[in-house]
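Just target_12.tsv here, TSV, C-alpha atoms and all ligand atoms:
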```tsv
chain	number	residue	atom	x	y	z
A	25	MET	CA	14.32	18.03	-13.78
A	26	VAL	CA	10.97	16.96	-12.31
A	27	LEU	CA	9.03	14.48	-14.45
A	28	GLU	CA	5.44	15.46	-15.16
A	29	ASP	CA	2.69	13.46	-16.80
A	30	VAL	CA	0.00	14.64	-19.22
A	31	HIS	CA	-1.95	16.22	-16.32
A	32	ASP	CA	1.17	17.94	-14.86
A	33	ARG	CA	1.45	15.45	-12.02
A	34	PRO	CA	5.04	14.85	-10.82
A	35	LEU	CA	6.42	11.38	-10.03
A	36	LEU	CA	7.15	11.64	-6.31
A	37	ASP	CA	6.39	8.20	-4.86
A	38	LEU	CA	7.28	4.69	-5.97
A	39	LEU	CA	5.53	1.65	-4.50
A	40	ILE	CA	7.79	-1.35	-4.88
A	41	SER	CA	6.29	-4.83	-4.72
A	42	VAL	CA	9.11	-7.10	-3.59
A	43	THR	CA	7.06	-10.30	-3.79
A	44	ASP	CA	3.62	-11.39	-5.01
A	45	ARG	CA	3.36	-13.98	-2.22
A	46	CYS	CA	1.63	-13.56	1.11
A	47	ASN	CA	1.16	-15.38	4.41
A	48	MET	CA	-2.44	-14.17	4.66
A	49	ARG	CA	-5.41	-14.54	2.32
A	50	CYS	CA	-7.44	-11.40	3.02
A	51	ARG	CA	-10.82	-11.87	1.40
A	52	TYR	CA	-10.63	-8.43	-0.24
A	53	CYS	CA	-7.16	-8.98	-1.71
A	54	MET	CA	-6.13	-12.63	-2.21
A	55	PRO	CA	-9.24	-14.81	-1.80
A	56	ARG	CA	-8.08	-18.34	-1.13
A	57	GLU	CA	-10.22	-19.90	-3.86
A	58	HIS	CA	-8.18	-17.95	-6.43
A	59	PHE	CA	-4.82	-17.87	-4.63
A	60	ASP	CA	-4.67	-21.59	-3.83
A	61	GLU	CA	-2.11	-24.29	-4.61
A	62	ASN	CA	-2.96	-23.98	-8.32
A	63	HIS	CA	-2.17	-20.30	-8.47
A	64	GLU	CA	1.05	-19.58	-10.34
A	65	PHE	CA	3.13	-17.14	-8.37
A	66	LEU	CA	6.03	-15.45	-10.13
A	67	PRO	CA	9.03	-17.72	-10.64
A	68	LYS	CA	12.11	-16.69	-8.67
A	69	GLU	CA	14.17	-15.84	-11.75
A	70	ASP	CA	11.55	-13.31	-12.89
A	71	ILE	CA	11.68	-11.35	-9.65
A	72	LEU	CA	13.87	-8.26	-9.59
A	73	ARG	CA	17.05	-8.56	-7.57
A	74	PHE	CA	17.73	-5.89	-4.99
A	75	GLU	CA	20.43	-4.31	-7.17
A	76	GLU	CA	17.93	-4.03	-10.02
A	77	ILE	CA	15.34	-2.32	-7.82
A	78	VAL	CA	17.98	0.11	-6.61
A	79	ARG	CA	18.93	1.00	-10.19
A	80	VAL	CA	15.32	1.95	-10.95
A	81	VAL	CA	15.12	4.07	-7.79
A	82	GLU	CA	18.46	5.74	-8.53
A	83	ALA	CA	17.20	6.64	-12.02
A	84	LEU	CA	14.18	8.41	-10.50
A	85	ILE	CA	15.79	10.28	-7.59
A	86	PRO	CA	17.26	13.07	-9.79
A	87	HIS	CA	13.75	13.56	-11.23
A	88	GLY	CA	12.11	14.32	-7.90
A	89	LEU	CA	11.37	10.91	-6.37
A	90	ARG	CA	11.17	11.50	-2.63
A	91	LYS	CA	9.61	8.34	-1.25
A	92	VAL	CA	9.60	4.59	-1.79
A	93	ARG	CA	7.24	2.15	-0.13
A	94	LEU	CA	8.16	-1.53	0.09
A	95	THR	CA	5.06	-3.64	-0.26
A	96	GLY	CA	3.66	-6.72	-1.98
A	97	GLY	CA	2.23	-9.33	-1.33
A	98	GLU	CA	3.81	-9.46	2.08
A	99	PRO	CA	7.18	-7.68	1.81
A	100	LEU	CA	8.61	-9.38	4.90
A	101	LEU	CA	8.43	-12.73	3.12
A	102	ARG	CA	11.24	-11.49	0.90
A	103	ARG	CA	14.46	-12.84	2.34
A	104	ASP	CA	16.90	-10.26	3.75
A	105	LEU	CA	14.68	-7.32	2.99
A	106	HIS	CA	16.88	-5.20	5.27
A	107	GLU	CA	19.61	-5.57	2.64
A	108	LEU	CA	17.43	-3.78	0.08
A	109	ILE	CA	16.79	-1.01	2.60
A	110	ARG	CA	20.52	-0.73	3.28
A	111	GLN	CA	21.23	-0.35	-0.46
A	112	LEU	CA	18.46	2.20	-0.92
A	113	ARG	CA	19.68	4.18	2.05
A	114	ALA	CA	23.22	4.12	0.63
A	115	SER	CA	21.82	5.67	-2.57
A	116	SER	CA	20.18	8.54	-0.75
A	117	ALA	CA	20.29	9.76	2.82
A	118	ASP	CA	17.11	11.81	2.26
A	119	LEU	CA	14.89	9.22	0.63
A	120	ASP	CA	11.81	8.39	2.69
A	121	ILE	CA	11.79	4.58	2.91
A	122	ALA	CA	8.47	3.15	4.13
A	123	ILE	CA	7.05	-0.34	4.38
A	124	THR	CA	3.46	-1.61	4.36
A	125	THR	CA	3.15	-4.96	6.11
A	126	ASN	CA	0.57	-7.17	7.75
A	127	GLY	CA	2.94	-7.19	10.72
A	128	LEU	CA	3.04	-10.94	11.33
A	129	LEU	CA	6.79	-11.22	10.70
A	130	LEU	CA	7.72	-7.73	11.76
A	131	LYS	CA	8.77	-8.10	15.38
A	132	ARG	CA	11.66	-10.43	14.68
A	133	GLN	CA	12.95	-8.41	11.70
A	134	LEU	CA	12.50	-4.93	13.08
A	135	THR	CA	15.99	-4.36	14.47
A	136	LYS	CA	17.64	-5.16	11.14
A	137	LEU	CA	15.13	-3.14	9.12
A	138	HIS	CA	15.50	-0.13	11.36
A	139	GLU	CA	19.28	-0.27	11.50
A	140	ALA	CA	19.38	-0.51	7.70
A	141	GLY	CA	17.59	2.84	7.40
A	142	LEU	CA	13.82	2.25	7.36
A	143	SER	CA	12.04	5.58	7.85
A	144	ARG	CA	8.46	4.59	8.69
A	145	VAL	CA	6.05	1.68	9.01
A	146	THR	CA	2.42	1.11	8.05
A	147	ILE	CA	0.81	-1.96	9.60
A	148	SER	CA	-2.44	-3.36	8.24
A	149	LEU	CA	-4.90	-4.45	10.90
A	150	ASP	CA	-8.61	-4.75	10.18
A	151	SER	CA	-9.88	-5.57	13.66
A	152	LEU	CA	-8.76	-6.14	17.22
A	153	LYS	CA	-11.36	-8.86	17.60
A	154	LYS	CA	-9.79	-12.22	16.90
A	155	GLU	CA	-12.81	-13.65	15.12
A	156	VAL	CA	-13.22	-10.67	12.77
A	157	TYR	CA	-9.48	-10.38	12.12
A	158	GLN	CA	-9.21	-14.06	11.23
A	159	ARG	CA	-12.30	-14.00	9.05
A	160	MET	CA	-11.20	-10.97	7.03
A	161	GLY	CA	-7.63	-12.23	6.68
A	162	ASP	CA	-8.70	-15.87	6.20
A	163	THR	CA	-5.94	-16.78	8.62
A	164	ASP	CA	-5.31	-18.67	11.86
A	165	ALA	CA	-2.88	-15.99	12.99
A	166	GLU	CA	-3.66	-14.12	16.18
A	167	PRO	CA	-4.08	-10.33	16.08
A	168	SER	CA	-2.00	-10.27	19.29
A	169	ILE	CA	1.09	-10.95	17.12
A	170	VAL	CA	0.38	-7.76	15.18
A	171	LEU	CA	-0.24	-5.84	18.41
A	172	GLU	CA	3.14	-6.94	19.73
A	173	ALA	CA	4.78	-5.70	16.53
A	174	ILE	CA	2.96	-2.37	16.93
A	175	ASP	CA	4.29	-2.08	20.52
A	176	GLU	CA	7.81	-2.77	19.32
A	177	VAL	CA	7.69	-0.22	16.47
A	178	GLN	CA	6.36	2.41	18.82
A	179	ALA	CA	8.89	1.60	21.53
A	180	ARG	CA	11.68	2.32	19.03
A	181	GLY	CA	10.16	5.65	18.09
A	182	ILE	CA	9.64	4.69	14.43
A	183	PRO	CA	6.77	6.67	12.84
A	184	LEU	CA	3.83	4.31	12.54
A	185	LYS	CA	0.35	4.24	10.99
A	186	ILE	CA	-2.32	1.59	10.86
A	187	ASN	CA	-4.34	0.71	7.76
A	188	THR	CA	-7.83	-0.70	8.21
A	189	VAL	CA	-9.89	-1.76	5.21
A	190	VAL	CA	-13.56	-1.31	6.07
A	191	LYS	CA	-16.10	-3.78	4.72
A	192	LYS	CA	-19.80	-3.30	5.39
A	193	ASN	CA	-21.26	-5.73	7.93
A	194	VAL	CA	-17.87	-7.34	8.43
A	195	ASN	CA	-15.75	-4.91	10.44
A	196	ASP	CA	-17.52	-1.55	10.24
A	197	ASP	CA	-18.60	-1.99	13.87
A	198	GLN	CA	-14.92	-2.06	14.85
A	199	ILE	CA	-14.06	1.50	13.85
A	200	ILE	CA	-14.60	3.11	17.26
A	201	ASP	CA	-12.69	0.32	18.99
A	202	MET	CA	-9.70	0.90	16.68
A	203	ILE	CA	-9.74	4.67	17.31
A	204	GLU	CA	-10.10	4.30	21.08
A	205	THR	CA	-7.27	1.78	21.20
A	206	PHE	CA	-4.72	3.59	19.06
A	207	GLY	CA	-5.78	7.25	19.47
A	208	PRO	CA	-4.50	7.61	23.07
A	209	ARG	CA	-1.21	6.05	21.90
A	210	GLN	CA	-0.92	8.72	19.17
A	211	ILE	CA	-0.99	6.08	16.43
A	212	PRO	CA	-3.10	7.28	13.47
A	213	VAL	CA	-5.52	4.74	12.02
A	214	ARG	CA	-6.41	5.19	8.35
A	215	PHE	CA	-9.73	3.74	7.30
A	216	ILE	CA	-9.70	2.57	3.68
A	217	GLU	CA	-12.83	2.25	1.58
A	218	TYR	CA	-12.98	-1.27	0.20
A	219	MET	CA	-11.72	-0.95	-3.39
A	220	ASP	CA	-12.41	-2.71	-6.66
A	221	VAL	CA	-8.79	-3.69	-7.24
A	222	GLY	CA	-8.07	-6.79	-9.32
A	223	THR	CA	-10.77	-9.14	-10.52
A	224	THR	CA	-10.91	-11.85	-7.86
A	225	ASN	CA	-12.35	-10.19	-4.76
A	226	ASN	CA	-15.93	-10.09	-6.00
A	227	TRP	CA	-16.12	-6.38	-5.22
A	228	ASN	CA	-19.51	-4.78	-5.02
A	229	LEU	CA	-20.47	-1.23	-4.13
A	230	ASP	CA	-22.86	-2.62	-1.52
A	231	HIS	CA	-19.83	-3.76	0.52
A	232	VAL	CA	-18.38	-0.26	0.70
A	233	VAL	CA	-18.81	2.04	3.70
A	234	SER	CA	-18.05	5.57	2.53
A	235	GLY	CA	-15.69	7.84	4.43
A	236	LYS	CA	-18.63	10.19	4.96
A	237	VAL	CA	-20.72	7.51	6.66
A	238	MET	CA	-17.74	6.45	8.79
A	239	ARG	CA	-17.19	10.05	9.91
A	240	SER	CA	-20.80	10.61	10.84
A	241	ARG	CA	-20.80	7.43	12.94
A	242	ILE	CA	-17.55	8.47	14.61
A	243	GLU	CA	-18.92	11.94	15.36
A	244	LYS	CA	-21.96	10.42	17.06
A	245	GLU	CA	-19.70	8.47	19.42
A	246	LEU	CA	-16.65	10.67	19.82
A	247	GLY	CA	-17.79	14.22	19.05
A	248	ALA	CA	-17.00	16.57	16.18
A	249	LEU	CA	-14.06	15.87	13.88
A	250	GLN	CA	-11.78	18.66	12.76
A	251	SER	CA	-10.41	18.44	9.22
A	252	ASP	CA	-6.61	18.89	9.02
A	253	GLN	CA	-4.74	20.75	6.32
A	254	ALA	CA	-3.02	18.30	3.91
A	255	ILE	CA	0.75	18.19	4.39
A	256	HIS	CA	1.42	17.17	0.77
A	257	LYS	CA	-1.06	17.70	-2.06
A	258	SER	CA	-0.51	14.09	-3.10
A	259	ASP	CA	-1.36	12.56	0.32
A	260	VAL	CA	-3.90	9.79	-0.20
A	261	ALA	CA	-5.54	10.04	3.22
A	262	LYS	CA	-7.71	12.90	4.39
A	263	VAL	CA	-6.73	13.48	7.99
A	264	TYR	CA	-9.05	14.56	10.82
A	265	THR	CA	-8.53	15.23	14.51
A	266	THR	CA	-11.01	13.90	17.04
A	267	ALA	CA	-12.31	15.94	19.97
A	268	ASP	CA	-9.69	14.14	22.11
A	269	GLY	CA	-6.90	15.25	19.77
A	270	TRP	CA	-6.37	11.89	18.08
A	271	LYS	CA	-5.48	11.73	14.38
A	272	ILE	CA	-7.46	9.51	12.04
A	273	GLY	CA	-7.42	9.27	8.24
A	274	PHE	CA	-9.74	8.19	5.44
A	275	ILE	CA	-8.68	6.84	2.07
A	276	GLU	CA	-11.75	7.37	-0.05
A	277	SER	CA	-10.80	5.97	-3.41
A	278	ILE	CA	-14.40	5.05	-4.19
A	279	THR	CA	-16.42	8.06	-3.03
A	280	ASN	CA	-13.85	10.86	-3.04
A	281	PRO	CA	-11.13	10.05	-5.58
A	282	PHE	CA	-7.78	11.81	-5.48
A	283	CYS	CA	-6.41	11.16	-8.98
A	284	GLY	CA	-5.89	14.89	-9.59
A	285	ASP	CA	-2.80	14.92	-7.37
A	286	CYS	CA	-1.72	11.29	-7.79
A	287	SER	CA	2.08	11.17	-7.92
A	288	ARG	CA	2.54	7.43	-7.47
A	289	ALA	CA	4.07	4.84	-9.75
A	290	ARG	CA	4.29	1.16	-8.95
A	291	LEU	CA	7.05	-1.32	-9.69
A	292	SER	CA	5.83	-4.92	-9.73
A	293	ALA	CA	7.97	-7.71	-8.32
A	294	ASN	CA	8.90	-8.81	-11.83
A	295	GLY	CA	9.93	-5.37	-13.01
A	296	ASN	CA	6.92	-3.79	-14.68
A	297	ILE	CA	6.12	-0.14	-14.06
A	298	TYR	CA	2.41	0.59	-13.55
A	299	THR	CA	1.24	4.17	-13.64
A	300	CYS	CA	-2.06	3.44	-11.84
A	301	LEU	CA	-3.28	0.96	-9.23
A	302	PHE	CA	-6.06	0.04	-11.61
A	303	ALA	CA	-3.95	-0.31	-14.75
A	304	ASN	CA	-4.36	-3.43	-16.86
A	305	HIS	CA	-0.86	-3.43	-18.26
A	306	GLY	CA	2.61	-2.42	-17.16
A	307	HIS	CA	5.77	-1.29	-18.88
A	308	ASP	CA	8.68	-3.70	-18.76
A	309	VAL	CA	11.90	-2.33	-17.27
A	310	ARG	CA	13.41	-5.67	-16.32
A	311	GLY	CA	14.22	-6.26	-19.97
A	312	ILE	CA	16.25	-3.06	-20.08
A	313	LEU	CA	18.00	-3.92	-16.80
A	314	ARG	CA	18.87	-7.44	-17.90
A	315	MET	CA	19.93	-6.59	-21.44
A	316	GLY	CA	22.76	-4.40	-20.24
A	317	GLY	CA	20.85	-1.10	-20.34
A	318	THR	CA	22.74	1.88	-18.96
A	319	SER	CA	21.41	4.23	-16.31
A	320	ASP	CA	20.55	6.65	-19.11
A	321	ASP	CA	18.55	3.94	-20.89
A	322	ILE	CA	16.54	3.33	-17.72
A	323	LYS	CA	16.00	7.05	-17.22
A	324	THR	CA	14.85	7.55	-20.79
A	325	ALA	CA	12.39	4.66	-20.53
A	326	LEU	CA	10.94	5.89	-17.23
A	327	GLN	CA	10.65	9.44	-18.54
A	328	SER	CA	8.77	8.33	-21.61
A	329	ILE	CA	6.40	6.11	-19.55
A	330	TRP	CA	5.56	8.92	-17.12
A	331	LYS	CA	5.23	11.64	-19.74
A	332	ARG	CA	2.51	9.63	-21.50
A	333	ARG	CA	0.58	8.92	-18.29
A	334	LYS	CA	-3.10	9.93	-18.37
A	335	ASP	CA	-4.58	7.63	-15.69
A	336	ARG	CA	-7.51	8.87	-13.59
A	337	TYR	CA	-9.25	5.56	-12.95
A	338	SER	CA	-10.97	6.40	-9.66
A	339	GLU	CA	-12.43	9.59	-11.08
A	340	GLU	CA	-13.62	7.86	-14.22
A	341	ARG	CA	-14.55	4.43	-12.85
A	342	SER	CA	-18.30	4.74	-13.33
A	343	SER	CA	-17.95	5.73	-16.99
A	344	LEU	CA	-15.27	3.18	-17.90
A	345	PRO	CA	-16.04	-0.18	-19.48
A	346	THR	CA	-15.22	-3.15	-17.22
A	347	LYS	CA	-11.72	-4.33	-18.02
A	348	SER	CA	-9.31	-6.82	-16.56
A	349	LYS	CA	-7.12	-5.26	-13.89
A	350	VAL	CA	-4.01	-6.59	-12.22
A	351	GLU	CA	-4.20	-7.94	-8.68
A	352	MET	CA	-3.04	-5.70	-5.83
A	353	SER	CA	-0.81	-8.42	-4.38
A	354	TYR	CA	1.14	-8.41	-7.66
A	355	ILE	CA	1.31	-4.69	-8.37
A	356	GLY	CA	1.84	-3.60	-4.76
A	357	GLY	CA	-0.75	-1.86	-2.60
B	1	LIG	N1	0.67	-7.38	2.76
B	1	LIG	C1	0.90	-6.04	3.14
B	1	LIG	C2	-0.24	-5.50	3.98
B	1	LIG	O1	-1.33	-6.09	3.95
B	1	LIG	O2	-0.03	-4.49	4.63
B	1	LIG	C3	1.19	-5.10	1.98
B	1	LIG	C4	0.42	-5.29	0.73
B	1	LIG	S1	-1.31	-4.92	0.83
B	1	LIG	C5	-1.84	-5.21	-0.82
B	1	LIG	C6	-1.29	-3.15	1.00
B	1	LIG	C7	-2.55	-2.52	1.53
B	1	LIG	O3	-3.57	-2.70	0.60
B	1	LIG	C8	-3.04	-3.09	2.83
B	1	LIG	O4	-3.17	-2.07	3.80
B	1	LIG	C9	-4.37	-3.68	2.47
B	1	LIG	O5	-5.26	-3.64	3.53
B	1	LIG	C10	-4.79	-2.85	1.30
B	1	LIG	N2	-5.77	-3.51	0.43
B	1	LIG	C11	-5.66	-4.69	-0.18
B	1	LIG	N3	-6.75	-4.98	-0.91
B	1	LIG	C12	-7.59	-3.91	-0.77
B	1	LIG	C13	-8.89	-3.60	-1.27
B	1	LIG	N4	-9.56	-4.42	-2.06
B	1	LIG	N5	-9.42	-2.42	-0.91
B	1	LIG	C14	-8.76	-1.55	-0.10
B	1	LIG	N6	-7.54	-1.80	0.38
B	1	LIG	C15	-6.95	-2.97	0.07
B	2	LIG	FE1	-1.63	-10.28	1.97
B	2	LIG	FE2	-1.64	-7.70	2.41
B	2	LIG	FE3	-3.21	-8.74	0.51
B	2	LIG	FE4	-3.79	-9.23	3.04
B	2	LIG	S1	-3.79	-7.24	2.03
B	2	LIG	S2	-3.70	-10.76	1.39
B	2	LIG	S3	-1.82	-9.29	3.98
B	2	LIG	S4	-1.02	-8.72	0.50
B	3	LIG	FE1	-3.68	7.35	-8.83
B	3	LIG	FE2	-4.88	5.57	-10.42
B	3	LIG	FE3	-5.52	5.71	-7.80
B	3	LIG	FE4	-6.28	7.67	-9.50
B	3	LIG	S1	-6.95	5.56	-9.53
B	3	LIG	S2	-5.36	7.93	-7.44
B	3	LIG	S3	-4.50	7.72	-10.90
B	3	LIG	S4	-3.52	5.13	-8.66
```
What does the file become when written as C-alpha cells?
Amino acid sequence: MVLEDVHDRPLLDLLISVTDRCNMRCRYCMPREHFDENHEFLPKEDILRFEEIVRVVEALIPHGLRKVRLTGGEPLLRRDLHELIRQLRASSADLDIAITTNGLLLKRQLTKLHEAGLSRVTISLDSLKKEVYQRMGDTDAEPSIVLEAIDEVQARGIPLKINTVVKKNVNDDQIIDMIETFGPRQIPVRFIEYMDVGTTNNWNLDHVVSGKVMRSRIEKELGALQSDQAIHKSDVAKVYTTADGWKIGFIESITNPFCGDCSRARLSANGNIYTCLFANHGHDVRGILRMGGTSDDIKTALQSIWKRRKDRYSEERSSLPTKSKVEMSYIGG
C-alpha cells in the first residue's frame, strides 16, 4: 500500500543524513562563525546505527519507497559508510541508493562504495576556479581533488551529476565554464538557487540568481535551450538540453517551487523524520527503535507521520511568518 499525505503525495524518496559533521564550511550551509569549535555536534550515542537506519528503510519499502540518498553533513565522514550501503542493498536489490557528497574523500572510498551496491553519485562543486571554490566552501581544499573524484566515478561508469549552488556576484560568472567543462563529458550540472535553509546563512533574496536569469544568460552564450520532459513527476530539477546536446538542470526552490509533487522525507542523523526541508521540528523514531519497537510499530509511526503531512513551504514562503528552521547539515540536503 502506497502511503499518501494530505495532498495525495506518495513517499517515494528518503534522504538519510548519516552525520551532521562536515569537512567544509560552505558559506551558504555551515558558516564557520556558527559552526566553530563551540558548536555542539550530535553526540555519537545519539546517532543512528546502520542497523537502525536499515530498519526504517525496510519499513518504508513495502509502502512504495524507491530511492534513498545518503547525505549529511558530509556522508563520507561516517566511518565504513560502504557497510550501510551493503546492508541496504541486501534489503532490496531494486532500491536506488544515491549519495550526495562534496567529493573530497570520495576517490579513496569509491571502490568499496561501488562494490557494496551504490547506484549513483551526486558531487557538489560550485566552481572550477580555485579562488571561488575555496571562498564559497571556506576551505583550503583544492577543487582538483574533486575533479579527480569525478574522473574516477565516470571511469567506473557510475551515473553521476554535479550540484552547483549559485550565489549572485560570487559564482554566477562560472555557470558557462561549468557547462562547457562537463557538458562534453555527458555529466549533467544542476544549478541550485541559493535557498533560505536554516537560520545561520544570512540568506537574502538579493543573493539569489533565478533559474530564469541563468537560462537567459546561458542562451546568450550557448544558444537556445530545449526543455526536457520530466522523467518522474517528483524530480526536483527541471532539465534542459543545450544546442550541443548537453544536459543541464535547474533546482528553483525559490522562484519555481515544486512542493506539489514533493515525495521526499528526511531522516536526521539522530533519528528524527522531517517531512519538509524547511520544517522546524521532526518526529522521533529513534525512541521507537531503541525501546524495542517492532517493525510494525515503526511502520505505524511512519504511516501516521506521512498521512498528516501538509508541508508546502516553498510555495507558501512569502506568506509564512519567519520561524526557526533546522540546519541543512543536520537534516540532510
Ligand atoms: N556535504 C554534501 C555535499 O555538499 O554534497 C552533502 C550535504 S549538502 C547539505 C547537500 C546539498 O545541499 C549540496 O549540493 C549543497 O550544495 C546543497 N546546499 C546546501 N546549502 C544550500 C543552500 N543554502 N541553498 C541551496 N543548496 C544548498
Ligand atoms: Fe558541508 Fe555539504 Fe554543507 Fe558544504 S554543503 S558545508 S560540503 S554539508
Ligand atoms: Fe518538499 Fe518542503 Fe521543499 Fe516543498 S519546501 S519541495 S514540501 S521539501
A:Asp220, A:Asp150, A:Asp44, A:Glu75: which is nearest Phe59 in chain A, counting all atoms listed in the file?
->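 Of A:Asp220, A:Asp150, A:Asp44, A:Glu75, the one nearest Phe59 in chain A, counting all atoms listed in the file, is A:Asp44.
For the choices A:Asp120, A:Asp321, A:Glu176, A:Asp259, the atom-to-atom distance to Asp285 in chain A is smallest for A:Asp259 when using all atoms listed in the file.
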Distance query range 93-107 of chain A at most 10 Å, only C-alpha atoms, self and fewer than 2 positions along chain excluded, as a PyMOL selection string | chain A and resi 37-49+53-54+74-75+91+109-113+120-130+133-146+290-293+351-357
Hey, which bits of chain A sit within 9 Å of ligand LIG 3 (chain B), and for each residue what's the closest pair of atoms and how far apart in Å (one decimal), counting all atoms listed in the file, rows by chain and increasing number, as a tab-separated table?
```
residue	atom	partner	partner_atom	distance
A:Ser258	CA	B:LIG3	S2	9.0
A:Val260	CA	B:LIG3	S2	7.6
A:Ser277	CA	B:LIG3	FE3	6.9
A:Pro281	CA	B:LIG3	S2	6.4
A:Phe282	CA	B:LIG3	S2	5.0
A:Cys283	CA	B:LIG3	FE4	3.5
A:Gly284	CA	B:LIG3	FE4	7.2
A:Asp285	CA	B:LIG3	S2	7.4
A:Cys286	CA	B:LIG3	FE1	4.5
A:Ser287	CA	B:LIG3	FE1	7.0
A:Arg288	CA	B:LIG3	FE1	6.4
A:Ala289	CA	B:LIG3	S4	7.7
A:Arg290	CA	B:LIG3	S4	8.8
A:Tyr298	CA	B:LIG3	S4	8.9
A:Thr299	CA	B:LIG3	S4	7.0
A:Cys300	CA	B:LIG3	FE2	3.8
A:Leu301	CA	B:LIG3	S4	4.2
A:Phe302	CA	B:LIG3	FE2	5.8
A:Ala303	CA	B:LIG3	FE2	7.4
A:Lys334	CA	B:LIG3	S3	7.9
A:Asp335	CA	B:LIG3	S3	4.8
A:Arg336	CA	B:LIG3	S3	4.2
A:Tyr337	CA	B:LIG3	S1	4.1
A:Ser338	CA	B:LIG3	S1	4.1
A:Glu339	CA	B:LIG3	FE4	6.6
A:Glu340	CA	B:LIG3	S1	8.5
A:Arg341	CA	B:LIG3	S1	8.4
```
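Candidate residues A:Lys191, A:Lys154, A:Arg56, A:Lys331 were compared for distance to His231 in chain A, and the nearest is A:Lys191, using all atoms listed in the file.
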Identify which of the residues A:Asp162, A:Glu69, A:Glu82, A:Asp175 lies closest to ligand LIG 2 (chain B), counting all atoms listed in the file when measuring atom-to-atom distances.
->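 Closest to ligand LIG 2 (chain B), using all atoms listed in the file: A:Asp162.
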Go ahead and fit an axis-aligned box to every listed atom of range 161-171 of chain A plus 3 Å each side, and pass me the centre and edge lengths in Å, one decimal, as AutoDock Vina command-line options.
```
--center_x -3.8 --center_y -12.3 --center_z 12.7 --size_x 15.8 --size_y 18.8 --size_z 19.1
```
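Nearest residue to ligand LIG 2 (chain B) among A:Gly207, A:Glu166, A:Ser343, A:Ser148 is A:Ser148, counting all atoms listed in the file.
Counting from atom C14 of ligand LIG 1 (chain B), the distance to CA of Gly306 in chain A is 20.5 Å.
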Skip Val194 in chain A itself and residues of its chain fewer than 5 positions away, then list as a list in words all residues within 12 Å of it, counting all atoms listed in the file.
-> Arg51, Tyr52, Asp150, Ser151, Lys153, Glu155, Val156, Tyr157, Gln158, Arg159, Met160, Gly161, Val189, Ile199, Tyr218, His231, Val232 and Val233 of chain A
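Of the listed residues A:Arg209, A:Lys323, A:Arg310, A:Arg333, the one whose atoms come nearest to Leu72 in chain A is A:Arg310, with distances taken using all atoms listed in the file.
Across the model, the gap from CA of Ile278 in chain A to CA of Leu229 in chain A is 8.7 Å.
Only residues having an atom at most 12 Å from (6.7, 6.2, -20.6) are included; using all atoms listed in the file, these are A:Leu27, A:Glu28, A:Asp29, A:Val30, A:Leu35, A:Ala289, A:Asn296, A:Ile297, A:Tyr298, A:Thr299, A:Gly306, A:His307, A:Asp308, A:Val309, A:Ile322, A:Lys323, A:Thr324, A:Ala325, A:Leu326, A:Gln327, A:Ser328, A:Ile329, A:Trp330, A:Lys331, A:Arg332, A:Arg333, A:Lys334.
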Write to file, as a PDB file, in the coordinates of the input, the residues of the selection just made, with C-alpha atoms.
```
ATOM      1  CA  LEU A  27       9.030  14.480 -14.450  1.00  0.00           C
ATOM      2  CA  GLU A  28       5.440  15.460 -15.160  1.00  0.00           C
ATOM      3  CA  ASP A  29       2.690  13.460 -16.800  1.00  0.00           C
ATOM      4  CA  VAL A  30       0.000  14.640 -19.220  1.00  0.00           C
ATOM      5  CA  LEU A  35       6.420  11.380 -10.030  1.00  0.00           C
ATOM      6  CA  ALA A 289       4.070   4.840  -9.750  1.00  0.00           C
ATOM      7  CA  ASN A 296       6.920  -3.790 -14.680  1.00  0.00           C
ATOM      8  CA  ILE A 297       6.120  -0.140 -14.060  1.00  0.00           C
ATOM      9  CA  TYR A 298       2.410   0.590 -13.550  1.00  0.00           C
ATOM     10  CA  THR A 299       1.240   4.170 -13.640  1.00  0.00           C
ATOM     11  CA  GLY A 306       2.610  -2.420 -17.160  1.00  0.00           C
ATOM     12  CA  HIS A 307       5.770  -1.290 -18.880  1.00  0.00           C
ATOM     13  CA  ASP A 308       8.680  -3.700 -18.760  1.00  0.00           C
ATOM     14  CA  VAL A 309      11.900  -2.330 -17.270  1.00  0.00           C
ATOM     15  CA  ILE A 322      16.540   3.330 -17.720  1.00  0.00           C
ATOM     16  CA  LYS A 323      16.000   7.050 -17.220  1.00  0.00           C
ATOM     17  CA  THR A 324      14.850   7.550 -20.790  1.00  0.00           C
ATOM     18  CA  ALA A 325      12.390   4.660 -20.530  1.00  0.00           C
ATOM     19  CA  LEU A 326      10.940   5.890 -17.230  1.00  0.00           C
ATOM     20  CA  GLN A 327      10.650   9.440 -18.540  1.00  0.00           C
ATOM     21  CA  SER A 328       8.770   8.330 -21.610  1.00  0.00           C
ATOM     22  CA  ILE A 329       6.400   6.110 -19.550  1.00  0.00           C
ATOM     23  CA  TRP A 330       5.560   8.920 -17.120  1.00  0.00           C
ATOM     24  CA  LYS A 331       5.230  11.640 -19.740  1.00  0.00           C
ATOM     25  CA  ARG A 332       2.510   9.630 -21.500  1.00  0.00           C
ATOM     26  CA  ARG A 333       0.580   8.920 -18.290  1.00  0.00           C
ATOM     27  CA  LYS A 334      -3.100   9.930 -18.370  1.00  0.00           C
TER      28      LYS A 334
END
```
If you count all atoms listed in the file, which residues fall within 9 Å of Ile85 in chain A, apart from same-chain ones fewer than 6 positions away, as an NGL selection string?
-> :A and (36 or 116 or 119)
Could you check how far CA of Arg132 in chain A sits from atom S1 of ligand LIG 1 (chain B), in Å to one decimal?
->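 Result for CA of Arg132 in chain A versus atom S1 of ligand LIG 1 (chain B): 19.8 Å, one decimal.
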Which polymer residues have any atom within 9 Å of an atom of Pro212 in chain A, counting all atoms listed in the file, with same-chain residues fewer than 5 positions away left out, as a list in words?
->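 In the requested format, the answer is Leu184, Lys185, Ile186, Asn187, Ile203, Phe206, Gly207, Trp270, Lys271, Ile272 and Gly273 of chain A.
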